[in-house]
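K.L.:
Have a look at this one before I ask anything.
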Amino acid sequence: MSSERLKTQKEQVEETTKQFISFVEDVKRSTGLPVVPDMRSGVALWVDQRELNLKYVISVEKIRKFFDGLMSGKIYATKCKKCGALYFPPQVDCPMCKTSDMDWVELGGEGELLTYTIIYVKPTSFSHYEDYTVGIARLKEGINVTAWIRETDPKKLRVGMKVRLVVKKREPENYLTYELEPLEK
Amino acid sequence: MPRDVAIVGVGHSNFGVRNDVNIAELAWESIREAIDDAGIDQKDIDFFVVSNVGAWSSEPLPAVVLGEYSGLIPKGTARVEAACASGSAAIKVGYEAIASGDADIVLVVGIEKMNESPTPTVVEFIGRAGNYFWEFHNFGLTFPGYYALYATAYMARYGATEEDLCQVAVKNHYYGSLNPKAQFRRPITVEECMKSRYIAWPLKLYDCSPITDGSAAVVLASEDVAKKLTDTPIWIKSIGYASDTSNLSKRENFLSLRAAVEAAKIAYKKARIDETEPVKYFDVAEAHDCFTIAEILAYEDLGFVKRGEGLKLIREKQTYIGGLIPVNLSGGLKAKGHPIAATGVSMAVELTKQLRQQVEKSRQAVIKRGMALAHNVGGTGHYAYVTIYSLDKPQR
């Protein structure tokens, strides 16, 4: 393995963006306008002088139990007391029975991989990570879970392989979530 | 009694990186063509529907922005969203306005200006489309990633290879090379496709549709009006529609898009098509090949072949002109480009021209049966619309 660390996608994008913005600032100083030629075609482009950052707040009040569970290393689903349907992600209403009378049940975690992919080209908000694998596993309880799998070599992954769902801290953000662990080499 | 609805005018911009125009100018390219083709004026239009997903582009209310620019004010309008199937959903809205007797002429415009944002931002927005909180926020799935989950499962189940997937790209690039409005106008080889870098394993760059700017427009009219405007109205024979779970984890399997299967069933039933042998009714189809795997799934979901035989269809070149059923003679999303909400309208434009026998000769299907099918999927099988276009008026 090379000792020199490859730049993350985030670092690459930031570098390009920085160069572009400094070019726009130069143009603005000389012309008074943020109008620059498109790098490929040369057509005139106005570079937005406003910026919008999006960061949402999302209610988890009714599913607090799920997050309490993560704090003690447990992963919960909900189960309709009337029809027995299991819900993951947990939901507090059973639309089929039109009831909100639900049990919280802990998931055993054992399952089989249904499918997976390795993400090389990442969204902006994931661009600081190394390449990552996302899989969907069917747990013994009969429900499916989407999560990261700590294995990015496609040769070491296969449909049908045994996996386990575990609580894991996500770095560098430092928050609790869950992951699939391969149980086979 | 619902009224019959026909396409009487079509317009289509060049697809690609369209930094040479803003969103309204881009829309006007197809609107102008469509109203000229229909032989009408803006004043003749009762309502206009705009399909646009946006967020990557600066105008949050594109309907009124392009409405003002294109001289459509004060006609009524609304924006319609069904992800990548928005265009077909917009056509359905227009269809219903006329079928119900509320309107005689409706303009449907699909528009997307994706290159106003950098690629990672676009990747972010499409990745969020599904279930943001449970599937994107923690796990950063991307649009290629979602379809890669289907590709992995399909390959494991039916023994399809990455080369098989590349065969779809080769076909669609070939037809794209013959379509002057396509984003990619260069044929490719399986080798080139296989050598391209992974985007979301097992999907590579050449398995993926590009980020595209583009617009497409159709003029819909009631039977009475259509017959006055044209000798060859293209009738909307039927529209089938369905949806599926936002969380991919809640799907039964990853071998088929259930929404597409349901939508096809509905469309076939309404059009009195034998769902066990639909291919024999159509001269040509446009399928939603946002990724190569998606076209193979479409062959099966539409009932062109049995489960697991979609790859045989592409291996045997049965979806080229002269095969069992030609698919994506426009180049498809893969090569023509995929301006998200313009795609469904673009399919309508393409199939109208195919049925009128007005496309470039080299990619013109043989029109014998007079029927064509558009398969338009939104998100990762979250929405699906199957629309059947015909030279003959629907039977009641």
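Each chain in the structure tokens gets a letter, A, B and so on, in the order shown; residues start at 1 in every chain, and ligands are counted from 1 in the order they appear.
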Can you write out as a tab-separated table which residues of chain B fall within 7 Å of chain A, alongside each residue's closest atom pair and its distance in Å to one decimal, counting only C-alpha atoms and ordering rows by chain and ascending residue number?
P.N.:
residue	atom	partner	partner_atom	distance
B:Asn19	CA	A:Val43	CA	6.7
B:Asp20	CA	A:Val43	CA	5.7
B:Pro120	CA	A:Thr124	CA	5.0
B:Thr121	CA	A:Thr124	CA	5.7
B:Val123	CA	A:Pro123	CA	5.1
B:Glu124	CA	A:Pro123	CA	4.3
B:Glu135	CA	A:Thr146	CA	6.7
B:Phe139	CA	A:Trp148	CA	6.1
B:Gly140	CA	A:Phe126	CA	6.2
B:Thr142	CA	A:Pro123	CA	6.9
B:Gly145	CA	A:Thr117	CA	6.1
B:Ala148	CA	A:Thr117	CA	5.8
B:Leu149	CA	A:Tyr116	CA	5.3
B:Thr152	CA	A:Thr115	CA	5.9
B:Ala153	CA	A:Thr115	CA	5.3
B:Ala156	CA	A:Val159	CA	6.7
B:Tyr198	CA	A:Tyr120	CA	6.7
B:Ile199	CA	A:Tyr120	CA	5.2
B:Ala200	CA	A:Ile119	CA	4.5
B:Trp201	CA	A:Ile118	CA	5.0
B:Pro202	CA	A:Thr117	CA	6.9
B:Ser249	CA	A:Asn144	CA	5.2
B:Lys250	CA	A:Asn144	CA	6.4
K.L.:
Would you save the residues of that selection, restricted to C-alpha atoms, as a tab-separated table (two decimals), in the first residue's frame?
P.N.:
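What landed in again.tsv:
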chain	number	residue	atom	x	y	z
B	19	ASN	CA	-24.96	26.49	-20.10
B	20	ASP	CA	-25.79	28.57	-23.16
B	120	PRO	CA	-21.55	16.34	-6.04
B	121	THR	CA	-24.52	18.58	-5.15
B	123	VAL	CA	-25.49	13.52	-6.59
B	124	GLU	CA	-26.56	14.64	-3.11
B	135	GLU	CA	-31.47	5.60	4.04
B	139	PHE	CA	-25.66	5.63	4.67
B	140	GLY	CA	-25.18	8.10	1.82
B	142	THR	CA	-26.57	7.64	-4.39
B	145	GLY	CA	-25.97	3.15	-5.67
B	148	ALA	CA	-26.47	-0.98	-8.12
B	149	LEU	CA	-28.34	-2.76	-5.30
B	152	THR	CA	-25.95	-6.94	-7.61
B	153	ALA	CA	-29.05	-8.95	-6.74
B	156	ALA	CA	-26.31	-13.02	-8.38
B	198	TYR	CA	-16.74	2.29	-11.02
B	199	ILE	CA	-19.30	4.79	-9.80
B	200	ALA	CA	-21.22	2.43	-7.50
B	201	TRP	CA	-20.06	-1.16	-7.80
B	202	PRO	CA	-21.01	-3.05	-9.98
B	249	SER	CA	-35.23	-2.05	2.51
B	250	LYS	CA	-38.99	-2.57	2.52
K.L.:
Between A:Glu112, A:Lys74, A:Lys7, A:Lys140, which has the minimum distance to Met161 (chain A) (counting only C-alpha atoms)?
P.N.:
A:Glu112
K.L.:
Do you have the CA of Val105 (chain A)-CA of Gly142 (chain A) distance handy?
P.N.:
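If I compute the distance from CA of Val105 (chain A) to CA of Gly142 (chain A), I get 13.1 Å.
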K.L.:
If you run DSSP on this backbone, which residues of chain A come out as strand (DSSP E), and could you give them as a PDB file with N, CA and C atoms, in the first residue's frame?
P.N.:
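And here's result-v1.pdb as it stands now:
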ATOM      1  N   VAL A  35     -19.434  37.466 -13.816  1.00  0.00           N
ATOM      2  CA  VAL A  35     -19.744  36.763 -15.065  1.00  0.00           C
ATOM      3  C   VAL A  35     -18.447  36.196 -15.629  1.00  0.00           C
ATOM      4  N   VAL A  36     -18.416  34.862 -15.732  1.00  0.00           N
ATOM      5  CA  VAL A  36     -17.190  34.198 -16.191  1.00  0.00           C
ATOM      6  C   VAL A  36     -17.498  33.271 -17.363  1.00  0.00           C
ATOM      7  N   PRO A  37     -16.476  32.981 -18.189  1.00  0.00           N
ATOM      8  CA  PRO A  37     -16.732  32.035 -19.283  1.00  0.00           C
ATOM      9  C   PRO A  37     -16.785  30.595 -18.769  1.00  0.00           C
ATOM     10  N   ALA A  44     -21.206  32.611 -21.378  1.00  0.00           N
ATOM     11  CA  ALA A  44     -21.172  33.455 -20.187  1.00  0.00           C
ATOM     12  C   ALA A  44     -22.030  32.880 -19.064  1.00  0.00           C
ATOM     13  N   LEU A  45     -21.414  32.774 -17.875  1.00  0.00           N
ATOM     14  CA  LEU A  45     -22.135  32.252 -16.710  1.00  0.00           C
ATOM     15  C   LEU A  45     -22.101  33.271 -15.570  1.00  0.00           C
ATOM     16  N   TRP A  46     -23.246  33.543 -14.971  1.00  0.00           N
ATOM     17  CA  TRP A  46     -23.336  34.378 -13.770  1.00  0.00           C
ATOM     18  C   TRP A  46     -23.102  33.469 -12.574  1.00  0.00           C
ATOM     19  N   TYR A  76     -34.124  -1.512  18.010  1.00  0.00           N
ATOM     20  CA  TYR A  76     -35.528  -1.839  18.157  1.00  0.00           C
ATOM     21  C   TYR A  76     -36.312  -1.668  16.859  1.00  0.00           C
ATOM     22  N   ALA A  77     -37.319  -2.535  16.712  1.00  0.00           N
ATOM     23  CA  ALA A  77     -38.350  -2.333  15.694  1.00  0.00           C
ATOM     24  C   ALA A  77     -39.663  -2.162  16.453  1.00  0.00           C
ATOM     25  N   THR A  78     -40.722  -1.797  15.745  1.00  0.00           N
ATOM     26  CA  THR A  78     -42.022  -1.770  16.418  1.00  0.00           C
ATOM     27  C   THR A  78     -42.880  -2.901  15.870  1.00  0.00           C
ATOM     28  N   LYS A  79     -43.829  -3.329  16.687  1.00  0.00           N
ATOM     29  CA  LYS A  79     -44.697  -4.448  16.310  1.00  0.00           C
ATOM     30  C   LYS A  79     -46.125  -4.087  16.667  1.00  0.00           C
ATOM     31  N   CYS A  80     -46.992  -4.224  15.694  1.00  0.00           N
ATOM     32  CA  CYS A  80     -48.410  -3.903  15.926  1.00  0.00           C
ATOM     33  C   CYS A  80     -49.013  -4.965  16.850  1.00  0.00           C
ATOM     34  N   LEU A  86     -44.304  -6.273  11.858  1.00  0.00           N
ATOM     35  CA  LEU A  86     -43.084  -5.646  12.361  1.00  0.00           C
ATOM     36  C   LEU A  86     -42.740  -4.463  11.483  1.00  0.00           C
ATOM     37  N   TYR A  87     -42.274  -3.389  12.098  1.00  0.00           N
ATOM     38  CA  TYR A  87     -41.903  -2.212  11.322  1.00  0.00           C
ATOM     39  C   TYR A  87     -40.465  -1.803  11.580  1.00  0.00           C
ATOM     40  N   MET A 102     -48.580  -0.143  19.796  1.00  0.00           N
ATOM     41  CA  MET A 102     -47.430  -0.879  19.288  1.00  0.00           C
ATOM     42  C   MET A 102     -46.514  -1.331  20.419  1.00  0.00           C
ATOM     43  N   ASP A 103     -45.852  -2.457  20.184  1.00  0.00           N
ATOM     44  CA  ASP A 103     -44.793  -2.911  21.084  1.00  0.00           C
ATOM     45  C   ASP A 103     -43.449  -2.545  20.474  1.00  0.00           C
ATOM     46  N   TRP A 104     -42.457  -2.310  21.359  1.00  0.00           N
ATOM     47  CA  TRP A 104     -41.082  -2.143  20.881  1.00  0.00           C
ATOM     48  C   TRP A 104     -40.377  -3.470  21.070  1.00  0.00           C
ATOM     49  N   VAL A 105     -39.824  -4.048  19.992  1.00  0.00           N
ATOM     50  CA  VAL A 105     -39.149  -5.339  20.119  1.00  0.00           C
ATOM     51  C   VAL A 105     -37.694  -5.209  19.678  1.00  0.00           C
ATOM     52  N   GLU A 106     -36.818  -5.828  20.451  1.00  0.00           N
ATOM     53  CA  GLU A 106     -35.392  -5.759  20.122  1.00  0.00           C
ATOM     54  C   GLU A 106     -35.090  -6.748  18.996  1.00  0.00           C
ATOM     55  N   GLU A 110     -29.047 -11.023  13.696  1.00  0.00           N
ATOM     56  CA  GLU A 110     -28.501 -11.951  12.697  1.00  0.00           C
ATOM     57  C   GLU A 110     -29.307 -11.907  11.407  1.00  0.00           C
ATOM     58  N   GLY A 111     -28.582 -11.977  10.295  1.00  0.00           N
ATOM     59  CA  GLY A 111     -29.286 -11.931   9.021  1.00  0.00           C
ATOM     60  C   GLY A 111     -28.407 -12.334   7.857  1.00  0.00           C
ATOM     61  N   GLU A 112     -29.003 -12.209   6.674  1.00  0.00           N
ATOM     62  CA  GLU A 112     -28.324 -12.569   5.430  1.00  0.00           C
ATOM     63  C   GLU A 112     -28.341 -11.382   4.493  1.00  0.00           C
ATOM     64  N   LEU A 113     -27.230 -11.231   3.783  1.00  0.00           N
ATOM     65  CA  LEU A 113     -27.126 -10.109   2.862  1.00  0.00           C
ATOM     66  C   LEU A 113     -27.967 -10.366   1.604  1.00  0.00           C
ATOM     67  N   LEU A 114     -28.865  -9.415   1.289  1.00  0.00           N
ATOM     68  CA  LEU A 114     -29.692  -9.554   0.086  1.00  0.00           C
ATOM     69  C   LEU A 114     -29.002  -8.924  -1.116  1.00  0.00           C
ATOM     70  N   THR A 115     -28.347  -7.797  -0.855  1.00  0.00           N
ATOM     71  CA  THR A 115     -27.650  -7.098  -1.937  1.00  0.00           C
ATOM     72  C   THR A 115     -26.737  -6.026  -1.349  1.00  0.00           C
ATOM     73  N   TYR A 116     -25.842  -5.493  -2.181  1.00  0.00           N
ATOM     74  CA  TYR A 116     -24.887  -4.492  -1.689  1.00  0.00           C
ATOM     75  C   TYR A 116     -24.304  -3.719  -2.857  1.00  0.00           C
ATOM     76  N   THR A 117     -23.723  -2.577  -2.525  1.00  0.00           N
ATOM     77  CA  THR A 117     -23.016  -1.772  -3.520  1.00  0.00           C
ATOM     78  C   THR A 117     -21.878  -1.027  -2.820  1.00  0.00           C
ATOM     79  N   ILE A 118     -20.871  -0.678  -3.574  1.00  0.00           N
ATOM     80  CA  ILE A 118     -19.771   0.109  -3.008  1.00  0.00           C
ATOM     81  C   ILE A 118     -19.810   1.479  -3.669  1.00  0.00           C
ATOM     82  N   ILE A 119     -19.908   2.503  -2.839  1.00  0.00           N
ATOM     83  CA  ILE A 119     -20.076   3.865  -3.355  1.00  0.00           C
ATOM     84  C   ILE A 119     -18.707   4.520  -3.545  1.00  0.00           C
ATOM     85  N   TYR A 132     -17.370   3.600   0.617  1.00  0.00           N
ATOM     86  CA  TYR A 132     -18.119   2.825   1.610  1.00  0.00           C
ATOM     87  C   TYR A 132     -19.098   1.867   0.938  1.00  0.00           C
ATOM     88  N   THR A 133     -19.416   0.798   1.670  1.00  0.00           N
ATOM     89  CA  THR A 133     -20.312  -0.235   1.153  1.00  0.00           C
ATOM     90  C   THR A 133     -21.666  -0.115   1.844  1.00  0.00           C
ATOM     91  N   VAL A 134     -22.733  -0.135   1.050  1.00  0.00           N
ATOM     92  CA  VAL A 134     -24.080  -0.132   1.613  1.00  0.00           C
ATOM     93  C   VAL A 134     -24.745  -1.444   1.229  1.00  0.00           C
ATOM     94  N   GLY A 135     -25.358  -2.086   2.198  1.00  0.00           N
ATOM     95  CA  GLY A 135     -26.037  -3.343   1.912  1.00  0.00           C
ATOM     96  C   GLY A 135     -27.446  -3.353   2.478  1.00  0.00           C
ATOM     97  N   ILE A 136     -28.214  -4.299   2.013  1.00  0.00           N
ATOM     98  CA  ILE A 136     -29.528  -4.549   2.611  1.00  0.00           C
ATOM     99  C   ILE A 136     -29.522  -5.996   3.067  1.00  0.00           C
ATOM    100  N   ALA A 137     -29.840  -6.205   4.349  1.00  0.00           N
ATOM    101  CA  ALA A 137     -29.847  -7.560   4.901  1.00  0.00           C
ATOM    102  C   ALA A 137     -31.254  -7.924   5.345  1.00  0.00           C
ATOM    103  N   ARG A 138     -31.568  -9.210   5.196  1.00  0.00           N
ATOM    104  CA  ARG A 138     -32.829  -9.691   5.759  1.00  0.00           C
ATOM    105  C   ARG A 138     -32.516 -10.329   7.103  1.00  0.00           C
ATOM    106  N   LEU A 139     -33.120  -9.793   8.163  1.00  0.00           N
ATOM    107  CA  LEU A 139     -32.873 -10.327   9.499  1.00  0.00           C
ATOM    108  C   LEU A 139     -33.761 -11.546   9.741  1.00  0.00           C
ATOM    109  N   ASN A 144     -36.098  -6.285   6.658  1.00  0.00           N
ATOM    110  CA  ASN A 144     -34.851  -5.888   6.014  1.00  0.00           C
ATOM    111  C   ASN A 144     -34.303  -4.600   6.626  1.00  0.00           C
ATOM    112  N   VAL A 145     -32.986  -4.496   6.615  1.00  0.00           N
ATOM    113  CA  VAL A 145     -32.332  -3.293   7.131  1.00  0.00           C
ATOM    114  C   VAL A 145     -31.272  -2.836   6.130  1.00  0.00           C
ATOM    115  N   THR A 146     -31.265  -1.552   5.839  1.00  0.00           N
ATOM    116  CA  THR A 146     -30.215  -0.954   5.011  1.00  0.00           C
ATOM    117  C   THR A 146     -29.153  -0.389   5.938  1.00  0.00           C
ATOM    118  N   ALA A 147     -27.895  -0.664   5.668  1.00  0.00           N
ATOM    119  CA  ALA A 147     -26.818  -0.094   6.500  1.00  0.00           C
ATOM    120  C   ALA A 147     -25.469  -0.260   5.805  1.00  0.00           C
ATOM    121  N   TRP A 148     -24.483   0.444   6.340  1.00  0.00           N
ATOM    122  CA  TRP A 148     -23.111   0.244   5.873  1.00  0.00           C
ATOM    123  C   TRP A 148     -22.616  -1.138   6.274  1.00  0.00           C
ATOM    124  N   ILE A 149     -21.726  -1.695   5.445  1.00  0.00           N
ATOM    125  CA  ILE A 149     -21.024  -2.933   5.790  1.00  0.00           C
ATOM    126  C   ILE A 149     -19.536  -2.583   5.801  1.00  0.00           C
ATOM    127  N   LYS A 162     -23.685 -14.319   5.636  1.00  0.00           N
ATOM    128  CA  LYS A 162     -24.225 -14.043   6.977  1.00  0.00           C
ATOM    129  C   LYS A 162     -23.655 -12.722   7.505  1.00  0.00           C
ATOM    130  N   VAL A 163     -24.538 -11.945   8.071  1.00  0.00           N
ATOM    131  CA  VAL A 163     -24.124 -10.661   8.647  1.00  0.00           C
ATOM    132  C   VAL A 163     -24.831 -10.457   9.991  1.00  0.00           C
ATOM    133  N   ARG A 164     -24.296  -9.506  10.745  1.00  0.00           N
ATOM    134  CA  ARG A 164     -24.942  -9.167  12.016  1.00  0.00           C
ATOM    135  C   ARG A 164     -25.111  -7.657  12.113  1.00  0.00           C
ATOM    136  N   LEU A 165     -26.275  -7.255  12.581  1.00  0.00           N
ATOM    137  CA  LEU A 165     -26.573  -5.830  12.751  1.00  0.00           C
ATOM    138  C   LEU A 165     -26.102  -5.390  14.132  1.00  0.00           C
ATOM    139  N   VAL A 166     -25.239  -4.370  14.154  1.00  0.00           N
ATOM    140  CA  VAL A 166     -24.703  -3.919  15.446  1.00  0.00           C
ATOM    141  C   VAL A 166     -24.771  -2.393  15.558  1.00  0.00           C
ATOM    142  N   VAL A 167     -24.826  -1.921  16.795  1.00  0.00           N
ATOM    143  CA  VAL A 167     -24.790  -0.476  17.034  1.00  0.00           C
ATOM    144  C   VAL A 167     -23.351  -0.017  16.884  1.00  0.00           C
ATOM    145  N   LYS A 168     -23.162   1.113  16.253  1.00  0.00           N
ATOM    146  CA  LYS A 168     -21.804   1.581  15.988  1.00  0.00           C
ATOM    147  C   LYS A 168     -21.781   3.113  16.057  1.00  0.00           C
ATOM    148  N   LYS A 169     -20.672   3.634  16.526  1.00  0.00           N
ATOM    149  CA  LYS A 169     -20.539   5.093  16.528  1.00  0.00           C
ATOM    150  C   LYS A 169     -19.993   5.527  15.181  1.00  0.00           C
ATOM    151  N   ARG A 170     -20.629   6.517  14.571  1.00  0.00           N
ATOM    152  CA  ARG A 170     -20.162   7.021  13.287  1.00  0.00           C
ATOM    153  C   ARG A 170     -19.189   8.166  13.510  1.00  0.00           C
ATOM    154  N   TYR A 175     -21.712  10.151  16.295  1.00  0.00           N
ATOM    155  CA  TYR A 175     -23.090   9.871  16.738  1.00  0.00           C
ATOM    156  C   TYR A 175     -23.387   8.385  16.552  1.00  0.00           C
ATOM    157  N   LEU A 176     -24.360   7.891  17.301  1.00  0.00           N
ATOM    158  CA  LEU A 176     -24.679   6.460  17.273  1.00  0.00           C
ATOM    159  C   LEU A 176     -25.571   6.114  16.086  1.00  0.00           C
ATOM    160  N   THR A 177     -25.183   5.058  15.401  1.00  0.00           N
ATOM    161  CA  THR A 177     -26.028   4.514  14.343  1.00  0.00           C
ATOM    162  C   THR A 177     -25.794   3.003  14.332  1.00  0.00           C
ATOM    163  N   TYR A 178     -26.145   2.336  13.252  1.00  0.00           N
ATOM    164  CA  TYR A 178     -25.961   0.883  13.221  1.00  0.00           C
ATOM    165  C   TYR A 178     -25.290   0.483  11.923  1.00  0.00           C
ATOM    166  N   GLU A 179     -24.694  -0.718  11.938  1.00  0.00           N
ATOM    167  CA  GLU A 179     -23.942  -1.227  10.789  1.00  0.00           C
ATOM    168  C   GLU A 179     -24.146  -2.710  10.654  1.00  0.00           C
ATOM    169  N   LEU A 180     -23.804  -3.227   9.474  1.00  0.00           N
ATOM    170  CA  LEU A 180     -23.830  -4.672   9.267  1.00  0.00           C
ATOM    171  C   LEU A 180     -22.393  -5.174   9.315  1.00  0.00           C
ATOM    172  N   GLU A 181     -22.178  -6.207  10.115  1.00  0.00           N
ATOM    173  CA  GLU A 181     -20.849  -6.803  10.231  1.00  0.00           C
ATOM    174  C   GLU A 181     -20.835  -8.124   9.488  1.00  0.00           C
ATOM    175  N   PRO A 182     -19.878  -8.340   8.565  1.00  0.00           N
ATOM    176  CA  PRO A 182     -19.802  -9.650   7.919  1.00  0.00           C
ATOM    177  C   PRO A 182     -19.426 -10.704   8.956  1.00  0.00           C
TER     178      PRO A 182
END
K.L.:
Residues within 10 Å of Ala160 (chain B), please, as a count of residues only. Count only C-alpha atoms; anything in the same chain fewer than 2 positions from it doesn't count.
P.N.:
18
K.L.:
Do a neighbour search on Pro2 (chain B) at 12 Å with only C-alpha atoms, toss out local chain neighbours closer than 2 positions, and write the hits as a short mmCIF file (atom, residue, chain, number, x, y, z; two decimals) with N, CA and C atoms, in the first residue's frame.
P.N.:
data_model
loop_
_atom_site.label_atom_id
_atom_site.label_comp_id
_atom_site.auth_asym_id
_atom_site.auth_seq_id
_atom_site.Cartn_x
_atom_site.Cartn_y
_atom_site.Cartn_z
N ASP B 4 -61.62 11.41 -25.28
CA ASP B 4 -60.31 10.95 -25.76
C ASP B 4 -59.35 12.14 -25.87
N VAL B 5 -58.07 11.83 -25.69
CA VAL B 5 -57.04 12.87 -25.68
C VAL B 5 -55.92 12.49 -26.64
N TYR B 95 -53.78 15.10 -19.40
CA TYR B 95 -54.74 14.15 -19.97
C TYR B 95 -56.07 14.23 -19.22
N GLU B 96 -55.99 14.24 -17.90
CA GLU B 96 -57.22 14.27 -17.09
C GLU B 96 -58.00 15.56 -17.25
N ALA B 97 -57.25 16.67 -17.38
CA ALA B 97 -57.94 17.96 -17.55
C ALA B 97 -58.79 17.93 -18.81
N ILE B 98 -58.28 17.28 -19.84
CA ILE B 98 -59.03 17.22 -21.11
C ILE B 98 -60.09 16.12 -21.06
N ALA B 99 -59.72 14.95 -20.56
CA ALA B 99 -60.67 13.84 -20.50
C ALA B 99 -61.92 14.21 -19.70
N SER B 100 -61.71 15.01 -18.66
CA SER B 100 -62.85 15.38 -17.80
C SER B 100 -63.74 16.43 -18.42
N GLY B 101 -63.26 17.07 -19.50
CA GLY B 101 -64.04 18.13 -20.12
C GLY B 101 -63.70 19.50 -19.60
N ASP B 102 -62.75 19.58 -18.68
CA ASP B 102 -62.38 20.86 -18.08
C ASP B 102 -61.57 21.73 -19.04
N SER B 222 -58.39 17.72 -27.01
CA SER B 222 -59.58 16.86 -27.02
C SER B 222 -59.82 16.39 -28.46
N GLU B 223 -60.64 15.37 -28.61
CA GLU B 223 -60.87 14.77 -29.92
C GLU B 223 -61.32 15.80 -30.97
N PRO B 394 -58.61 5.30 -28.95
CA PRO B 394 -58.91 4.23 -27.98
C PRO B 394 -60.33 3.70 -28.20
N GLN B 395 -60.49 2.39 -27.97
CA GLN B 395 -61.84 1.81 -28.05
C GLN B 395 -62.51 2.00 -26.71
N ARG B 396 -63.77 2.22 -26.72
CA ARG B 396 -64.50 2.37 -25.46
C ARG B 396 -65.41 1.16 -25.24
#
K.L.:
Can you pull out the residues contacting Asn115 (chain B)? Cut-off 12 Å, using only C-alpha atoms, and skip same-chain residues under 5 positions away; I want them as a short mmCIF file (atom, residue, chain, number, x, y, z; two decimals) with N, CA and C atoms, in the first residue's frame.
P.N.:
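Output file result-v6.cif follows:
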data_model
loop_
_atom_site.label_atom_id
_atom_site.label_comp_id
_atom_site.auth_asym_id
_atom_site.auth_seq_id
_atom_site.Cartn_x
_atom_site.Cartn_y
_atom_site.Cartn_z
N ASP A 38 -17.73 29.82 -19.29
CA ASP A 38 -17.82 28.39 -18.98
C ASP A 38 -16.52 27.73 -19.45
N LEU A 45 -21.41 32.77 -17.88
CA LEU A 45 -22.13 32.25 -16.71
C LEU A 45 -22.10 33.27 -15.57
N PHE B 15 -30.49 18.10 -25.82
CA PHE B 15 -30.14 17.69 -24.47
C PHE B 15 -28.63 17.78 -24.30
N GLY B 16 -28.20 18.05 -23.07
CA GLY B 16 -26.77 18.07 -22.80
C GLY B 16 -26.44 19.05 -21.70
N VAL B 17 -25.21 19.55 -21.70
CA VAL B 17 -24.84 20.63 -20.79
C VAL B 17 -25.25 21.91 -21.51
N ARG B 18 -26.32 22.55 -21.03
CA ARG B 18 -26.88 23.68 -21.76
C ARG B 18 -26.60 24.98 -21.00
N ASN B 19 -25.32 25.25 -20.77
CA ASN B 19 -24.96 26.49 -20.10
C ASN B 19 -25.16 27.71 -20.99
N ASP B 20 -25.57 27.45 -22.24
CA ASP B 20 -25.79 28.57 -23.16
C ASP B 20 -27.17 29.21 -22.99
N VAL B 21 -28.01 28.61 -22.16
CA VAL B 21 -29.37 29.15 -21.96
C VAL B 21 -29.75 29.09 -20.48
N ASN B 22 -30.69 29.96 -20.07
CA ASN B 22 -31.24 29.84 -18.72
C ASN B 22 -32.49 28.96 -18.79
N ILE B 23 -33.11 28.73 -17.64
CA ILE B 23 -34.20 27.75 -17.58
C ILE B 23 -35.39 28.14 -18.47
N GLY B 54 -36.07 20.04 -9.88
CA GLY B 54 -35.36 21.22 -9.40
C GLY B 54 -34.52 21.01 -8.17
N ALA B 55 -34.32 22.04 -7.41
CA ALA B 55 -33.43 22.13 -6.24
C ALA B 55 -31.98 22.37 -6.69
N TRP B 56 -31.54 21.66 -7.72
CA TRP B 56 -30.22 21.93 -8.29
C TRP B 56 -30.24 23.19 -9.15
N SER B 57 -31.45 23.64 -9.50
CA SER B 57 -31.52 24.86 -10.30
C SER B 57 -32.10 26.00 -9.47
N SER B 58 -31.83 27.23 -9.90
CA SER B 58 -32.04 28.38 -9.03
C SER B 58 -33.50 28.79 -8.87
N PRO B 120 -21.29 16.96 -7.37
CA PRO B 120 -21.55 16.34 -6.04
C PRO B 120 -22.86 16.82 -5.40
N THR B 121 -23.25 18.06 -5.69
CA THR B 121 -24.52 18.58 -5.15
C THR B 121 -25.69 17.86 -5.82
N VAL B 122 -25.59 17.65 -7.13
CA VAL B 122 -26.65 16.94 -7.84
C VAL B 122 -26.73 15.49 -7.33
N VAL B 123 -25.55 14.88 -7.13
CA VAL B 123 -25.49 13.52 -6.59
C VAL B 123 -26.17 13.48 -5.22
N PRO B 210 -26.35 10.39 -17.83
CA PRO B 210 -25.60 11.58 -17.39
C PRO B 210 -26.48 12.61 -16.68
N ILE B 211 -25.84 13.64 -16.18
CA ILE B 211 -26.53 14.82 -15.65
C ILE B 211 -26.83 15.72 -16.85
N THR B 212 -28.09 16.04 -17.03
CA THR B 212 -28.52 16.65 -18.29
C THR B 212 -29.41 17.87 -18.08
N ASP B 213 -29.23 18.86 -18.95
CA ASP B 213 -30.18 19.97 -19.06
C ASP B 213 -31.02 19.70 -20.30
N GLY B 214 -32.31 19.98 -20.20
CA GLY B 214 -33.13 19.79 -21.39
C GLY B 214 -34.58 20.08 -21.13
N HIS B 338 -30.69 12.50 -19.45
CA HIS B 338 -31.80 12.32 -18.52
C HIS B 338 -32.02 13.59 -17.69
N PRO B 339 -32.61 14.62 -18.33
CA PRO B 339 -33.01 15.80 -17.57
C PRO B 339 -34.27 15.39 -16.78
N ILE B 340 -34.08 15.02 -15.53
CA ILE B 340 -35.03 14.27 -14.70
C ILE B 340 -36.51 14.43 -15.09
#
